[in-house]
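Chemist: As input, take protein-v5.pdb (PDB, C-alpha atoms):
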MODEL        1
ATOM      1  CA  ASN A   1      13.100   2.414 -15.654  1.00  0.00           C
ATOM      2  CA  ALA A   2       9.332   2.451 -16.218  1.00  0.00           C
ATOM      3  CA  GLY A   3       8.378   0.299 -13.204  1.00  0.00           C
ATOM      4  CA  VAL A   4       4.588   0.191 -12.818  1.00  0.00           C
ATOM      5  CA  THR A   5       2.638   2.316 -15.289  1.00  0.00           C
ATOM      6  CA  GLN A   6      -1.027   3.192 -14.852  1.00  0.00           C
ATOM      7  CA  THR A   7      -3.299   4.904 -17.346  1.00  0.00           C
ATOM      8  CA  PRO A   8      -5.241   7.113 -17.348  1.00  0.00           C
ATOM      9  CA  LYS A   9      -4.147   9.294 -14.426  1.00  0.00           C
ATOM     10  CA  PHE A  10      -7.494  11.085 -14.302  1.00  0.00           C
ATOM     11  CA  GLN A  11     -10.940  10.057 -15.510  1.00  0.00           C
ATOM     12  CA  VAL A  12     -14.473  11.362 -15.084  1.00  0.00           C
ATOM     13  CA  LEU A  13     -17.354   8.990 -15.742  1.00  0.00           C
ATOM     14  CA  LYS A  14     -21.100   9.166 -15.615  1.00  0.00           C
ATOM     15  CA  THR A  15     -23.049   6.641 -13.595  1.00  0.00           C
ATOM     16  CA  GLY A  16     -23.523   3.454 -15.587  1.00  0.00           C
ATOM     17  CA  GLN A  17     -20.590   3.949 -17.924  1.00  0.00           C
ATOM     18  CA  SER A  18     -17.852   1.352 -18.188  1.00  0.00           C
ATOM     19  CA  MET A  19     -14.128   1.816 -18.379  1.00  0.00           C
ATOM     20  CA  THR A  20     -10.817   0.032 -17.964  1.00  0.00           C
ATOM     21  CA  LEU A  21      -7.858   1.173 -15.914  1.00  0.00           C
ATOM     22  CA  GLN A  22      -4.677  -0.109 -17.446  1.00  0.00           C
ATOM     23  CA  CYS A  23      -1.661  -1.342 -15.492  1.00  0.00           C
ATOM     24  CA  ALA A  24       1.619  -2.570 -16.897  1.00  0.00           C
ATOM     25  CA  GLN A  25       4.905  -3.487 -15.253  1.00  0.00           C
ATOM     26  CA  ASP A  26       8.261  -4.226 -16.826  1.00  0.00           C
ATOM     27  CA  MET A  27       9.961  -5.895 -13.858  1.00  0.00           C
ATOM     28  CA  ASN A  28       8.790  -9.452 -14.624  1.00  0.00           C
ATOM     29  CA  HIS A  29       6.817  -9.499 -11.385  1.00  0.00           C
ATOM     30  CA  GLU A  30       4.549 -12.469 -10.811  1.00  0.00           C
ATOM     31  CA  TYR A  31       2.291 -10.708  -8.314  1.00  0.00           C
ATOM     32  CA  MET A  32       0.055  -7.779  -9.324  1.00  0.00           C
ATOM     33  CA  SER A  33      -2.772  -6.111  -7.456  1.00  0.00           C
ATOM     34  CA  TRP A  34      -5.263  -3.270  -7.482  1.00  0.00           C
ATOM     35  CA  TYR A  35      -6.079  -1.049  -4.495  1.00  0.00           C
ATOM     36  CA  ARG A  36      -8.460   1.803  -3.974  1.00  0.00           C
ATOM     37  CA  GLN A  37      -7.650   4.664  -1.632  1.00  0.00           C
ATOM     38  CA  ASP A  38     -10.403   6.574   0.119  1.00  0.00           C
ATOM     39  CA  PRO A  39      -9.958   9.318   2.759  1.00  0.00           C
ATOM     40  CA  GLY A  40      -9.371   7.927   6.245  1.00  0.00           C
ATOM     41  CA  MET A  41      -9.465   4.318   5.068  1.00  0.00           C
ATOM     42  CA  GLY A  42      -5.998   3.714   3.752  1.00  0.00           C
ATOM     43  CA  LEU A  43      -5.705   1.425   0.750  1.00  0.00           C
ATOM     44  CA  ARG A  44      -8.027  -1.515   0.300  1.00  0.00           C
ATOM     45  CA  LEU A  45      -7.295  -4.507  -1.900  1.00  0.00           C
ATOM     46  CA  ILE A  46      -9.718  -5.000  -4.796  1.00  0.00           C
ATOM     47  CA  HIS A  47      -8.247  -7.911  -6.783  1.00  0.00           C
ATOM     48  CA  TYR A  48      -4.885  -9.555  -7.128  1.00  0.00           C
ATOM     49  CA  SER A  49      -3.056 -12.018  -9.341  1.00  0.00           C
ATOM     50  CA  VAL A  50      -0.167 -14.355  -8.532  1.00  0.00           C
ATOM     51  CA  GLY A  51       0.606 -15.084 -12.179  1.00  0.00           C
ATOM     52  CA  ALA A  52      -0.724 -15.091 -15.719  1.00  0.00           C
ATOM     53  CA  GLY A  53      -4.151 -16.715 -15.857  1.00  0.00           C
ATOM     54  CA  ILE A  54      -4.663 -16.563 -12.073  1.00  0.00           C
ATOM     55  CA  THR A  55      -6.742 -13.914 -10.309  1.00  0.00           C
ATOM     56  CA  ASP A  56      -8.455 -13.707  -6.939  1.00  0.00           C
ATOM     57  CA  GLN A  57     -10.634 -11.341  -4.965  1.00  0.00           C
ATOM     58  CA  GLY A  58      -9.429  -8.996  -2.300  1.00  0.00           C
ATOM     59  CA  GLU A  59     -11.326  -7.077   0.350  1.00  0.00           C
ATOM     60  CA  VAL A  60     -13.596  -4.967  -1.899  1.00  0.00           C
ATOM     61  CA  PRO A  61     -14.065  -6.778  -5.247  1.00  0.00           C
ATOM     62  CA  ASN A  62     -17.721  -5.931  -5.996  1.00  0.00           C
ATOM     63  CA  GLY A  63     -18.216  -3.882  -9.151  1.00  0.00           C
ATOM     64  CA  TYR A  64     -14.762  -4.671 -10.539  1.00  0.00           C
ATOM     65  CA  ASN A  65     -13.391  -7.308 -12.904  1.00  0.00           C
ATOM     66  CA  VAL A  66      -9.804  -8.231 -13.691  1.00  0.00           C
ATOM     67  CA  SER A  67      -7.919 -10.541 -15.996  1.00  0.00           C
ATOM     68  CA  ARG A  68      -4.260 -11.492 -16.362  1.00  0.00           C
ATOM     69  CA  SER A  69      -3.467 -12.746 -19.836  1.00  0.00           C
ATOM     70  CA  THR A  70       0.207 -11.767 -19.672  1.00  0.00           C
ATOM     71  CA  THR A  71       2.758 -11.325 -16.902  1.00  0.00           C
ATOM     72  CA  GLU A  72       3.089  -7.626 -17.721  1.00  0.00           C
ATOM     73  CA  ASP A  73      -0.536  -6.435 -17.790  1.00  0.00           C
ATOM     74  CA  PHE A  74      -3.306  -6.412 -15.213  1.00  0.00           C
ATOM     75  CA  PRO A  75      -6.286  -4.259 -16.281  1.00  0.00           C
ATOM     76  CA  LEU A  76      -9.105  -3.322 -13.914  1.00  0.00           C
ATOM     77  CA  ARG A  77     -12.593  -3.056 -15.425  1.00  0.00           C
ATOM     78  CA  LEU A  78     -15.550  -1.133 -14.060  1.00  0.00           C
ATOM     79  CA  LEU A  79     -18.584  -2.615 -15.804  1.00  0.00           C
ATOM     80  CA  SER A  80     -21.196  -0.085 -14.640  1.00  0.00           C
ATOM     81  CA  ALA A  81     -19.662   2.795 -12.711  1.00  0.00           C
ATOM     82  CA  ALA A  82     -21.313   4.041  -9.535  1.00  0.00           C
ATOM     83  CA  PRO A  83     -20.609   7.180  -7.468  1.00  0.00           C
ATOM     84  CA  SER A  84     -19.338   4.890  -4.670  1.00  0.00           C
ATOM     85  CA  GLN A  85     -16.450   3.961  -6.968  1.00  0.00           C
ATOM     86  CA  THR A  86     -15.118   7.518  -6.916  1.00  0.00           C
ATOM     87  CA  SER A  87     -11.625   6.984  -5.553  1.00  0.00           C
ATOM     88  CA  VAL A  88      -7.925   6.915  -6.294  1.00  0.00           C
ATOM     89  CA  TYR A  89      -6.815   3.564  -7.693  1.00  0.00           C
ATOM     90  CA  PHE A  90      -3.348   2.108  -7.352  1.00  0.00           C
ATOM     91  CA  CYS A  91      -1.817  -0.800  -9.174  1.00  0.00           C
ATOM     92  CA  ALA A  92       1.073  -2.540  -7.427  1.00  0.00           C
ATOM     93  CA  SER A  93       3.367  -5.452  -8.207  1.00  0.00           C
ATOM     94  CA  SER A  94       6.028  -7.544  -6.523  1.00  0.00           C
ATOM     95  CA  TYR A  95       8.331 -10.456  -7.255  1.00  0.00           C
ATOM     96  CA  GLY A  96       6.041 -12.878  -5.521  1.00  0.00           C
ATOM     97  CA  PRO A  97       5.315 -14.468  -2.201  1.00  0.00           C
ATOM     98  CA  SER A  98       7.269 -12.818   0.545  1.00  0.00           C
ATOM     99  CA  GLY A  99       8.170 -16.193   1.898  1.00  0.00           C
ATOM    100  CA  GLY A 100       9.917 -17.164  -1.331  1.00  0.00           C
ATOM    101  CA  ALA A 101      12.340 -15.335  -3.529  1.00  0.00           C
ATOM    102  CA  GLY A 102      10.584 -12.018  -3.134  1.00  0.00           C
ATOM    103  CA  THR A 103      11.173  -9.373  -0.490  1.00  0.00           C
ATOM    104  CA  GLY A 104       7.491  -8.684   0.018  1.00  0.00           C
ATOM    105  CA  GLU A 105       7.950  -5.094  -1.120  1.00  0.00           C
ATOM    106  CA  LEU A 106       5.222  -3.777  -3.380  1.00  0.00           C
ATOM    107  CA  PHE A 107       6.069  -1.391  -6.209  1.00  0.00           C
ATOM    108  CA  PHE A 108       3.251   1.063  -6.834  1.00  0.00           C
ATOM    109  CA  GLY A 109       2.070   2.967  -9.861  1.00  0.00           C
ATOM    110  CA  GLU A 110       1.359   6.691  -9.565  1.00  0.00           C
ATOM    111  CA  GLY A 111      -2.364   6.228  -9.089  1.00  0.00           C
ATOM    112  CA  SER A 112      -5.465   6.997 -11.139  1.00  0.00           C
ATOM    113  CA  ARG A 113      -8.067   9.413  -9.848  1.00  0.00           C
ATOM    114  CA  LEU A 114     -11.560   8.365 -10.906  1.00  0.00           C
ATOM    115  CA  THR A 115     -14.666  10.495 -10.409  1.00  0.00           C
ATOM    116  CA  VAL A 116     -18.113   9.048 -11.071  1.00  0.00           C
ATOM    117  CA  LEU A 117     -20.887  11.615 -11.374  1.00  0.00           C
TER     118      LEU A 117
ATOM    119  CA  ALA B   1      -8.832 -11.370   8.363  1.00  0.00           C
ATOM    120  CA  GLN B   2      -6.145  -9.024   9.520  1.00  0.00           C
ATOM    121  CA  THR B   3      -6.781  -5.486  10.710  1.00  0.00           C
ATOM    122  CA  VAL B   4      -4.325  -2.620  11.030  1.00  0.00           C
ATOM    123  CA  THR B   5      -5.042   0.414  13.206  1.00  0.00           C
ATOM    124  CA  GLN B   6      -3.277   3.750  13.219  1.00  0.00           C
ATOM    125  CA  SER B   7      -4.692   5.766  16.094  1.00  0.00           C
ATOM    126  CA  GLN B   8      -3.114   9.107  15.201  1.00  0.00           C
ATOM    127  CA  PRO B   9      -4.841  10.722  12.204  1.00  0.00           C
ATOM    128  CA  GLU B  10      -2.499  13.732  12.286  1.00  0.00           C
ATOM    129  CA  MET B  11       0.791  14.611  13.919  1.00  0.00           C
ATOM    130  CA  SER B  12       3.275  17.434  13.714  1.00  0.00           C
ATOM    131  CA  VAL B  13       6.924  17.748  14.672  1.00  0.00           C
ATOM    132  CA  GLN B  14       9.552  20.453  14.554  1.00  0.00           C
ATOM    133  CA  GLU B  15      12.359  20.053  12.088  1.00  0.00           C
ATOM    134  CA  ALA B  16      15.321  18.108  13.548  1.00  0.00           C
ATOM    135  CA  GLU B  17      13.222  16.590  16.323  1.00  0.00           C
ATOM    136  CA  THR B  18      12.070  13.006  16.759  1.00  0.00           C
ATOM    137  CA  VAL B  19       8.542  11.708  16.256  1.00  0.00           C
ATOM    138  CA  THR B  20       6.947   8.297  16.728  1.00  0.00           C
ATOM    139  CA  LEU B  21       3.969   7.031  14.745  1.00  0.00           C
ATOM    140  CA  SER B  22       1.881   4.250  16.250  1.00  0.00           C
ATOM    141  CA  CYS B  23       0.470   1.137  14.631  1.00  0.00           C
ATOM    142  CA  THR B  24      -1.267  -1.905  16.034  1.00  0.00           C
ATOM    143  CA  TYR B  25      -2.502  -4.927  14.158  1.00  0.00           C
ATOM    144  CA  ASP B  26      -4.499  -8.054  14.719  1.00  0.00           C
ATOM    145  CA  THR B  27      -3.698 -11.426  13.213  1.00  0.00           C
ATOM    146  CA  SER B  28      -3.750 -15.106  14.044  1.00  0.00           C
ATOM    147  CA  GLU B  29      -0.665 -15.814  11.923  1.00  0.00           C
ATOM    148  CA  SER B  30       2.721 -16.364  13.513  1.00  0.00           C
ATOM    149  CA  ASN B  31       4.818 -15.407  10.496  1.00  0.00           C
ATOM    150  CA  TYR B  32       4.142 -12.264   8.516  1.00  0.00           C
ATOM    151  CA  TYR B  33       5.652  -9.013   7.314  1.00  0.00           C
ATOM    152  CA  LEU B  34       5.077  -5.432   8.407  1.00  0.00           C
ATOM    153  CA  PHE B  35       5.762  -2.292   6.430  1.00  0.00           C
ATOM    154  CA  TRP B  36       5.677   1.458   6.696  1.00  0.00           C
ATOM    155  CA  TYR B  37       4.894   3.260   3.468  1.00  0.00           C
ATOM    156  CA  LYS B  38       5.177   6.995   2.889  1.00  0.00           C
ATOM    157  CA  GLN B  39       2.853   8.906   0.558  1.00  0.00           C
ATOM    158  CA  PRO B  40       3.978  12.499  -0.133  1.00  0.00           C
ATOM    159  CA  PRO B  41       1.708  15.002  -1.888  1.00  0.00           C
ATOM    160  CA  SER B  42       2.853  13.544  -5.212  1.00  0.00           C
ATOM    161  CA  ARG B  43       0.667  10.522  -4.300  1.00  0.00           C
ATOM    162  CA  GLN B  44       3.487   8.064  -4.963  1.00  0.00           C
ATOM    163  CA  MET B  45       3.698   5.205  -2.431  1.00  0.00           C
ATOM    164  CA  ILE B  46       7.253   4.785  -1.156  1.00  0.00           C
ATOM    165  CA  LEU B  47       8.493   1.969   1.052  1.00  0.00           C
ATOM    166  CA  VAL B  48      10.117   3.344   4.206  1.00  0.00           C
ATOM    167  CA  ILE B  49      10.948   0.239   6.198  1.00  0.00           C
ATOM    168  CA  ARG B  50      10.156  -3.464   6.409  1.00  0.00           C
ATOM    169  CA  GLN B  51      10.084  -5.901   9.340  1.00  0.00           C
ATOM    170  CA  GLU B  52       9.880  -9.690   9.258  1.00  0.00           C
ATOM    171  CA  ALA B  53       7.895 -11.049  12.189  1.00  0.00           C
ATOM    172  CA  TYR B  54      10.262 -13.950  12.823  1.00  0.00           C
ATOM    173  CA  LYS B  55      13.164 -11.538  13.355  1.00  0.00           C
ATOM    174  CA  GLN B  56      13.427 -10.151  16.855  1.00  0.00           C
ATOM    175  CA  GLN B  57      15.793  -7.358  15.889  1.00  0.00           C
ATOM    176  CA  ASN B  58      14.064  -4.096  15.067  1.00  0.00           C
ATOM    177  CA  ALA B  59      14.598  -2.870  11.517  1.00  0.00           C
ATOM    178  CA  THR B  60      16.410   0.416  10.876  1.00  0.00           C
ATOM    179  CA  GLU B  61      16.910   2.462   7.716  1.00  0.00           C
ATOM    180  CA  ASN B  62      19.010   5.562   8.292  1.00  0.00           C
ATOM    181  CA  ARG B  63      16.799   7.998  10.275  1.00  0.00           C
ATOM    182  CA  PHE B  64      13.884   5.553  10.368  1.00  0.00           C
ATOM    183  CA  SER B  65      13.555   2.764  12.890  1.00  0.00           C
ATOM    184  CA  VAL B  66      10.766   0.612  14.241  1.00  0.00           C
ATOM    185  CA  ASN B  67       9.779  -0.726  17.628  1.00  0.00           C
ATOM    186  CA  PHE B  68       8.305  -4.135  16.896  1.00  0.00           C
ATOM    187  CA  GLN B  69       6.505  -5.746  19.830  1.00  0.00           C
ATOM    188  CA  LYS B  70       5.167  -9.055  18.516  1.00  0.00           C
ATOM    189  CA  ALA B  71       3.322 -10.110  21.646  1.00  0.00           C
ATOM    190  CA  ALA B  72       1.593  -6.747  21.870  1.00  0.00           C
ATOM    191  CA  LYS B  73       1.038  -6.671  18.081  1.00  0.00           C
ATOM    192  CA  SER B  74       2.523  -3.228  17.913  1.00  0.00           C
ATOM    193  CA  PHE B  75       4.725  -1.754  15.186  1.00  0.00           C
ATOM    194  CA  SER B  76       5.649   1.899  15.701  1.00  0.00           C
ATOM    195  CA  LEU B  77       7.826   4.026  13.435  1.00  0.00           C
ATOM    196  CA  LYS B  78      10.377   6.449  14.842  1.00  0.00           C
ATOM    197  CA  ILE B  79      11.696   9.232  12.647  1.00  0.00           C
ATOM    198  CA  SER B  80      14.819  10.892  13.986  1.00  0.00           C
ATOM    199  CA  ASP B  81      16.174  14.285  12.925  1.00  0.00           C
ATOM    200  CA  SER B  82      12.909  15.053  11.093  1.00  0.00           C
ATOM    201  CA  GLN B  83      13.262  16.849   7.785  1.00  0.00           C
ATOM    202  CA  LEU B  84      10.806  18.963   5.819  1.00  0.00           C
ATOM    203  CA  GLY B  85      10.784  16.258   3.156  1.00  0.00           C
ATOM    204  CA  ASP B  86       9.342  13.820   5.680  1.00  0.00           C
ATOM    205  CA  THR B  87       6.005  15.643   5.466  1.00  0.00           C
ATOM    206  CA  ALA B  88       3.617  13.014   4.098  1.00  0.00           C
ATOM    207  CA  MET B  89       0.951  10.464   4.883  1.00  0.00           C
ATOM    208  CA  TYR B  90       2.394   7.378   6.529  1.00  0.00           C
ATOM    209  CA  PHE B  91       0.704   4.014   6.232  1.00  0.00           C
ATOM    210  CA  CYS B  92       1.386   0.964   8.317  1.00  0.00           C
ATOM    211  CA  ALA B  93       0.741  -2.283   6.446  1.00  0.00           C
ATOM    212  CA  PHE B  94       0.548  -5.996   7.213  1.00  0.00           C
ATOM    213  CA  MET B  95       1.365  -8.701   4.697  1.00  0.00           C
ATOM    214  CA  ASN B  96       0.503 -12.357   5.250  1.00  0.00           C
ATOM    215  CA  TYR B  97       3.283 -14.893   4.875  1.00  0.00           C
ATOM    216  CA  ALA B  98       1.901 -16.111   1.541  1.00  0.00           C
ATOM    217  CA  GLY B  99       2.550 -12.609   0.261  1.00  0.00           C
ATOM    218  CA  ASN B 100      -0.772 -12.169  -1.503  1.00  0.00           C
ATOM    219  CA  MET B 101      -2.685  -9.930   0.909  1.00  0.00           C
ATOM    220  CA  LEU B 102      -1.452  -6.534   2.077  1.00  0.00           C
ATOM    221  CA  THR B 103      -3.691  -4.765   4.589  1.00  0.00           C
ATOM    222  CA  PHE B 104      -3.215  -1.065   5.277  1.00  0.00           C
ATOM    223  CA  GLY B 105      -4.025   1.099   8.254  1.00  0.00           C
ATOM    224  CA  GLY B 106      -5.954   4.329   7.803  1.00  0.00           C
ATOM    225  CA  GLY B 107      -2.810   6.454   7.751  1.00  0.00           C
ATOM    226  CA  THR B 108      -1.204   9.219   9.799  1.00  0.00           C
ATOM    227  CA  ARG B 109      -0.645  12.620   8.260  1.00  0.00           C
ATOM    228  CA  LEU B 110       2.716  13.966   9.439  1.00  0.00           C
ATOM    229  CA  MET B 111       3.626  17.620   9.142  1.00  0.00           C
ATOM    230  CA  VAL B 112       7.229  18.661   9.740  1.00  0.00           C
ATOM    231  CA  LYS B 113       7.423  22.323  10.703  1.00  0.00           C
ATOM    232  CA  PRO B 114      10.460  24.548  10.084  1.00  0.00           C
TER     233      PRO B 114
ENDMDL
END
Give the structure from the file, written as structure tokens.

Modeler:
Amino acid sequence: NAGVTQTPKFQVLKTGQSMTLQCAQDMNHEYMSWYRQDPGMGLRLIHYSVGAGITDQGEVPNGYNVSRSTTEDFPLRLLSAAPSQTSVYFCASSYGPSGGAGTGELFFGEGSRLTVL
Amino acid sequence: AQTVTQSQPEMSVQEAETVTLSCTYDTSESNYYLFWYKQPPSRQMILVIRQEAYKQQNATENRFSVNFQKAAKSFSLKISDSQLGDTAMYFCAFMNYAGNMLTFGGGTRLMVKP
């Protein structure tokens, strides 16, 4: 069972470079999201999607773009990397609204460590 | 916006003993979901336990149980018979009823000592 797959697991960028973190899930989840984890701050929501073609901003969206062309994939784009974006990034998915058919449980990828010099 | 606070950055416990991790939250919603996630050194996020706010009964999962006090907006995690494998970061998290926003606390690093 693949679950949620993130690539790459490690990346070093120079300031101003762009890159895309890939996220794919094979559980037919409607809901997908991206978080960043910084020391002492827990995980903070960057962007999320409740279905193909639908995305919305989370708590810390600046500097990041997302798109959701298929149910399976939810890439996160850094258009012009900055040192403040050095972090560990997690993609997570779930069946959908916790008030509906879903349980509310998020399934996480293994994380991607990004360093911006 | 919701906020989640974990006031204990680090805790330690002897193997086989019991430890309680604290979590408080702030919300204006009446229905919501609360979670405890575990993050071992492998970095993987693992769901420990889940509580639905409209249920008065405290959730339990084997050695893990919660004390959910809705009026006080408190959601503590009790780990009984602590094991070395329980060593990890523990995050308390709040999910709104729509299920599209999960807010995490800053985490508590738990060390289980032999």

Chemist: So the first atom is atom CA of A:Val4 and the second is atom CA of A:Ala92; what is the distance between them in Å, to one decimal place?

Modeler: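 Atom CA of A:Ala92 lies 7.0 Å from atom CA of A:Val4.
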
Chemist: Return as an mmCIF file with C-alpha atoms, in the coordinates of the input the residues belonging to chain A that are within 12 Å of chain B, counting all atoms listed in the file.

Modeler:
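Result file follows (out-v5.cif):
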data_model
loop_
_atom_site.group_PDB
_atom_site.id
_atom_site.type_symbol
_atom_site.label_atom_id
_atom_site.label_comp_id
_atom_site.auth_asym_id
_atom_site.auth_seq_id
_atom_site.Cartn_x
_atom_site.Cartn_y
_atom_site.Cartn_z
ATOM 1 C CA VAL A 4 4.588 0.191 -12.818
ATOM 2 C CA THR A 5 2.638 2.316 -15.289
ATOM 3 C CA GLN A 6 -1.027 3.192 -14.852
ATOM 4 C CA LYS A 9 -4.147 9.294 -14.426
ATOM 5 C CA GLU A 30 4.549 -12.469 -10.811
ATOM 6 C CA TYR A 31 2.291 -10.708 -8.314
ATOM 7 C CA MET A 32 0.055 -7.779 -9.324
ATOM 8 C CA SER A 33 -2.772 -6.111 -7.456
ATOM 9 C CA TRP A 34 -5.263 -3.270 -7.482
ATOM 10 C CA TYR A 35 -6.079 -1.049 -4.495
ATOM 11 C CA ARG A 36 -8.460 1.803 -3.974
ATOM 12 C CA GLN A 37 -7.650 4.664 -1.632
ATOM 13 C CA ASP A 38 -10.403 6.574 0.119
ATOM 14 C CA PRO A 39 -9.958 9.318 2.759
ATOM 15 C CA GLY A 40 -9.371 7.927 6.245
ATOM 16 C CA MET A 41 -9.465 4.318 5.068
ATOM 17 C CA GLY A 42 -5.998 3.714 3.752
ATOM 18 C CA LEU A 43 -5.705 1.425 0.750
ATOM 19 C CA ARG A 44 -8.027 -1.515 0.300
ATOM 20 C CA LEU A 45 -7.295 -4.507 -1.900
ATOM 21 C CA ILE A 46 -9.718 -5.000 -4.796
ATOM 22 C CA HIS A 47 -8.247 -7.911 -6.783
ATOM 23 C CA TYR A 48 -4.885 -9.555 -7.128
ATOM 24 C CA SER A 49 -3.056 -12.018 -9.341
ATOM 25 C CA VAL A 50 -0.167 -14.355 -8.532
ATOM 26 C CA GLY A 51 0.606 -15.084 -12.179
ATOM 27 C CA THR A 55 -6.742 -13.914 -10.309
ATOM 28 C CA ASP A 56 -8.455 -13.707 -6.939
ATOM 29 C CA GLN A 57 -10.634 -11.341 -4.965
ATOM 30 C CA GLY A 58 -9.429 -8.996 -2.300
ATOM 31 C CA GLU A 59 -11.326 -7.077 0.350
ATOM 32 C CA VAL A 60 -13.596 -4.967 -1.899
ATOM 33 C CA VAL A 88 -7.925 6.915 -6.294
ATOM 34 C CA TYR A 89 -6.815 3.564 -7.693
ATOM 35 C CA PHE A 90 -3.348 2.108 -7.352
ATOM 36 C CA CYS A 91 -1.817 -0.800 -9.174
ATOM 37 C CA ALA A 92 1.073 -2.540 -7.427
ATOM 38 C CA SER A 93 3.367 -5.452 -8.207
ATOM 39 C CA SER A 94 6.028 -7.544 -6.523
ATOM 40 C CA TYR A 95 8.331 -10.456 -7.255
ATOM 41 C CA GLY A 96 6.041 -12.878 -5.521
ATOM 42 C CA PRO A 97 5.315 -14.468 -2.201
ATOM 43 C CA SER A 98 7.269 -12.818 0.545
ATOM 44 C CA GLY A 99 8.170 -16.193 1.898
ATOM 45 C CA GLY A 100 9.917 -17.164 -1.331
ATOM 46 C CA ALA A 101 12.340 -15.335 -3.529
ATOM 47 C CA GLY A 102 10.584 -12.018 -3.134
ATOM 48 C CA THR A 103 11.173 -9.373 -0.490
ATOM 49 C CA GLY A 104 7.491 -8.684 0.018
ATOM 50 C CA GLU A 105 7.950 -5.094 -1.120
ATOM 51 C CA LEU A 106 5.222 -3.777 -3.380
ATOM 52 C CA PHE A 107 6.069 -1.391 -6.209
ATOM 53 C CA PHE A 108 3.251 1.063 -6.834
ATOM 54 C CA GLY A 109 2.070 2.967 -9.861
ATOM 55 C CA GLU A 110 1.359 6.691 -9.565
ATOM 56 C CA GLY A 111 -2.364 6.228 -9.089
ATOM 57 C CA SER A 112 -5.465 6.997 -11.139
ATOM 58 C CA ARG A 113 -8.067 9.413 -9.848
#

Chemist: If you measure from atom CA of A:Leu21 to atom CA of B:Arg109, what distance in Å do you get, rounded to one decimal?

Modeler: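 We find that atom CA of A:Leu21 and atom CA of B:Arg109 lie 27.7 Å from each other.
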
Chemist: Compute the distance from (-8.5, -11.5, 17.1) to each atom, counting all atoms listed in the file, keep the residues with any atom at most 9 Å away, and return them as a list of chain:residue names; use the coordinates of the file.

Modeler: B:Ala1, B:Gln2, B:Thr3, B:Asp26, B:Thr27, B:Ser28

Chemist: I need the residue set behind the PyMOL selection byres ((chain B and resi 13) around 12) for this file; please write it as a list in words.

Modeler: Glu10, Met11, Ser12, Gln14, Glu15, Ala16, Glu17, Thr18, Val19, Thr20, Leu21, Lys78, Ile79, Ser80, Asp81, Ser82, Gln83, Leu84, Asp86, Thr87, Arg109, Leu110, Met111, Val112, Lys113 and Pro114 of chain B

Chemist: Run the PyMOL selection byres ((chain A and resi 85) around 12) mentally over the shown coordinates, then write out the matched residues as a JSON list (two decimals) with C-alpha atoms, in the coordinates of the input, using the chain letters and numbers from the document.

Modeler:
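expr18.json, written as the output of this step:
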[["chain", "number", "residue", "atom", "x", "y", "z"],
["A", 11, "GLN", "CA", -10.94, 10.06, -15.51],
["A", 12, "VAL", "CA", -14.47, 11.36, -15.08],
["A", 13, "LEU", "CA", -17.35, 8.99, -15.74],
["A", 14, "LYS", "CA", -21.10, 9.17, -15.62],
["A", 15, "THR", "CA", -23.05, 6.64, -13.60],
["A", 16, "GLY", "CA", -23.52, 3.45, -15.59],
["A", 17, "GLN", "CA", -20.59, 3.95, -17.92],
["A", 18, "SER", "CA", -17.85, 1.35, -18.19],
["A", 19, "MET", "CA", -14.13, 1.82, -18.38],
["A", 35, "TYR", "CA", -6.08, -1.05, -4.50],
["A", 36, "ARG", "CA", -8.46, 1.80, -3.97],
["A", 37, "GLN", "CA", -7.65, 4.66, -1.63],
["A", 38, "ASP", "CA", -10.40, 6.57, 0.12],
["A", 46, "ILE", "CA", -9.72, -5.00, -4.80],
["A", 60, "VAL", "CA", -13.60, -4.97, -1.90],
["A", 61, "PRO", "CA", -14.06, -6.78, -5.25],
["A", 62, "ASN", "CA", -17.72, -5.93, -6.00],
["A", 63, "GLY", "CA", -18.22, -3.88, -9.15],
["A", 64, "TYR", "CA", -14.76, -4.67, -10.54],
["A", 77, "ARG", "CA", -12.59, -3.06, -15.42],
["A", 78, "LEU", "CA", -15.55, -1.13, -14.06],
["A", 79, "LEU", "CA", -18.58, -2.62, -15.80],
["A", 80, "SER", "CA", -21.20, -0.08, -14.64],
["A", 81, "ALA", "CA", -19.66, 2.80, -12.71],
["A", 82, "ALA", "CA", -21.31, 4.04, -9.54],
["A", 83, "PRO", "CA", -20.61, 7.18, -7.47],
["A", 84, "SER", "CA", -19.34, 4.89, -4.67],
["A", 86, "THR", "CA", -15.12, 7.52, -6.92],
["A", 87, "SER", "CA", -11.62, 6.98, -5.55],
["A", 88, "VAL", "CA", -7.92, 6.92, -6.29],
["A", 89, "TYR", "CA", -6.82, 3.56, -7.69],
["A", 113, "ARG", "CA", -8.07, 9.41, -9.85],
["A", 114, "LEU", "CA", -11.56, 8.36, -10.91],
["A", 115, "THR", "CA", -14.67, 10.50, -10.41],
["A", 116, "VAL", "CA", -18.11, 9.05, -11.07],
["A", 117, "LEU", "CA", -20.89, 11.62, -11.37]]

Chemist: Rounded to one decimal place, report the atom CA of A:Ile54-atom CA of A:Gln22 distance in Å.

Modeler: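 Result for atom CA of A:Ile54 versus atom CA of A:Gln22: 17.3 Å, one decimal.
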
Chemist: Kindly resolve the PyMOL selection byres ((chain B and resi 65) around 9) on the present coordinates and return the residues as a PyMOL selection string.

Modeler: chain B and resi 49+58-64+66-67+76-80

Chemist: Please define a box with edges along x, y and z of the file around all atoms of stretch 29-37 of chain A given in the file, extend it by 4 Å on each side, and return its centre and edge lengths in Å to one decimal, as JSON.

Modeler:
{"center_x": -0.8, "center_y": -3.9, "center_z": -6.5, "size_x": 23.3, "size_y": 25.1, "size_z": 17.8}

Chemist: Find the residue from B:Ala88, B:Ala72, B:Ala53, B:Cys23 that sits nearest to B:Lys38; use all atoms listed in the file when measuring.

Modeler: B:Ala88
